[in-house]
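Worksheet for the structure shown next.
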Amino acid sequence: MKNTIVETSNVKNFLGALTALDRRGAVEACMVVVDGEPGLGKTTTLSRWVAQTGSVYVRAQVGWDYGWFINTLLREMSIHPPRSKEERYERLLKELSERAARADFEGRTFGLVIDECDLVSTRPAIMEAIRGISDIQFLPTILVGMGKLRENLRRFPQIESRAPRKVRFLPATLEDTASIIAARCEVPVASDLVEFVWKVSRGFNREILEAIAHIERFGFRIEPGPEGVTLKDMAGQVIMNDRTTGTPVMIPRAA
């Protein structure tokens with residue numbers, strides 16, 4: 001499978017929110033909320049953006065408190081945490097400021113991504129720490145979560161007001177699915193099989209990628225026709241596993 005970035009509608013919406021962030025009027029409104037069900041490509045999209053921009057990425061943990069959060073950020077930036085709470089905070093701000101200034105000089109965006117933010121989005125100490133860092137540095141801060149993140153942020157009006165840009169990752173469209181398969185699959189795939197993958201995957205990226213792996217293994221064993229591997233070619237073959245039941249999804253033989 002090719003390791004290629006595909007600009008799906010979700011990716012385009014995310015990049016559009018970052019463009020709007022760069023053009024914002026109120027400098028303190030520098031947060032973006034990204035949410036959606038698991039398996040829609042949020043973490044993959046954010047991880048690639050972090051790698052491209054040199055931004056900082058951390059994944060929230062169930063047991064996080066203020067100290068653990070600050071220490072995680074420092075270690076992610078390869079900084080050994082100083083002894084005192086004040087020194088740790090000052091060292092963190094200094095490093096973020098230097099990295100942001102360097103990125104600005106080089107003409108790139110630098111930000112902070114906090115994945116799985118649902119896990120800490122009801123904890124005032126951590127959320128206020130995030131707001132404080134964002135306010136002091138005017139640092140683009142991306143909070144990534146699932147169903148509860150938006151709702152939980154309403155408990156913190158000072159934070160919610162700083163995140164006017166919200167991006168909800170939605171299931172892939174048929175066009176998205178066709179783009180993903182065309183870009184990442186190493187064998188040609190016919191349009192009828194693409195549509196079948198879209199329907200049974202329900203637009204979840206994980207399932208689409210799983211289907212691509214099955215199609216590739218099958219396609220390497222045959223000589224696909226001019227359209228590519230078709231639905232008829234793969235009749236009776238497993239295409240993916242159902243995410244709810246874990247049972248294999250097979251292409252009907254009657255297809």
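Note on naming: chains are A, B, ... as they come in the structure tokens, residues start from 1 per chain, ligands start from 1 in the order shown.
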
If you take only C-alpha atoms and a cut-off of 12 Å, which residues of segment 196-215 of chain A touch segment 159-170 of chain A, and what are their nearest atom pairs and distances in Å to one decimal, in chain and number order, as a Markdown table?
```
| residue | atom | partner | partner_atom | distance |
| --- | --- | --- | --- | --- |
| A:Arg202 | CA | A:Leu170 | CA | 10.3 |
| A:Gly203 | CA | A:Leu170 | CA | 8.1 |
| A:Phe204 | CA | A:Leu170 | CA | 8.6 |
| A:Asn205 | CA | A:Leu170 | CA | 10.2 |
```

I need the residues from that last selection saved to file as an mmCIF file, in the first residue's frame (with N, CA and C atoms), if you can.
```
data_model
loop_
_atom_site.group_PDB
_atom_site.id
_atom_site.type_symbol
_atom_site.label_atom_id
_atom_site.label_comp_id
_atom_site.auth_asym_id
_atom_site.auth_seq_id
_atom_site.Cartn_x
_atom_site.Cartn_y
_atom_site.Cartn_z
ATOM 1 N N ARG A 202 -18.909 2.156 5.426
ATOM 2 C CA ARG A 202 -19.668 3.287 5.991
ATOM 3 C C ARG A 202 -18.809 4.551 6.084
ATOM 4 N N GLY A 203 -17.801 4.620 5.218
ATOM 5 C CA GLY A 203 -16.976 5.823 5.145
ATOM 6 C C GLY A 203 -15.901 5.917 6.204
ATOM 7 N N PHE A 204 -15.632 4.845 6.938
ATOM 8 C CA PHE A 204 -14.575 4.867 7.950
ATOM 9 C C PHE A 204 -13.226 4.550 7.308
ATOM 10 N N ASN A 205 -12.259 5.431 7.531
ATOM 11 C CA ASN A 205 -10.950 5.280 6.896
ATOM 12 C C ASN A 205 -10.289 3.948 7.225
#
```

Inset, instruction - Find the spatial neighbours of segment 109-116 of chain A, counting only C-alpha atoms, within a cut-off of 8 Å - ignore same-chain residues fewer than 2 positions away - and output them as a list in words. - result: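 Selected residues are Thr43, Leu46, Val50, Thr53, Gly54, Ser55, Val56, Tyr57, Val58, Arg59, Ala60, Gln61, Arg99, Ala100, Ala103, Asp104, Gly107, Asp118, Leu119, Leu139, Pro140, Thr141, Ile142, Leu143, Val144, Gly145 and Met146 of chain A.
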
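When only C-alpha atoms are used to compute distances to Lys12 of chain A, the closest of the residues A:Ala125, A:Thr45, A:Lys94, A:Ala51 turns out to be A:Thr45.
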
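Take the candidates A:Ala172, A:Val189, A:Ser179, A:Lys199 and check each one against Pro224 of chain A using only C-alpha atoms; the shortest distance goes to A:Val189.
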
Inset, instruction - Report the distance between atom CA of Pro252 of chain A and atom CA of Glu227 of chain A in Å, rounded to one decimal place. - result: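 One can read the atom CA of Pro252 of chain A to atom CA of Glu227 of chain A distance as 19.6 Å.
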
Inset, instruction - Extract, using only C-alpha atoms, all DNA, RNA and protein residues at most 9 Å from Ile208 of chain A, discarding same-chain residues fewer than 5 positions from it, and format them as JSON, numbers by chain. - result: {"A": [177, 180, 181, 197, 198, 201, 202, 203, 213, 240]}

Please, could you write that set of residues out with C-alpha atoms as a tab-separated table (two decimals), in the first residue's frame?
```
chain	number	residue	atom	x	y	z
A	177	THR	CA	-13.23	6.78	-0.98
A	180	ILE	CA	-8.12	7.16	-1.17
A	181	ILE	CA	-8.23	3.92	-3.16
A	197	VAL	CA	-16.10	-0.61	-0.34
A	198	TRP	CA	-17.65	2.79	0.38
A	201	SER	CA	-17.06	0.60	5.20
A	202	ARG	CA	-19.67	3.29	5.99
A	203	GLY	CA	-16.98	5.82	5.14
A	213	ALA	CA	-5.01	-4.41	1.74
A	240	MET	CA	-12.85	-6.25	5.62
```

Legend entry - Residues near Arg221 of chain A, cut-off 12 Å, only C-alpha atoms, skip fewer than 6 positions along chain, as JSON, numbers by chain: {"A": [187, 214, 215, 229, 233, 234]}

Legend entry - Expected answer as an NGL selection string: alpha helix (DSSP H) residues in segment 87-201 of chain A: :A and (87-105 or 124-137 or 149-153 or 157-160 or 174-184 or 191-201)
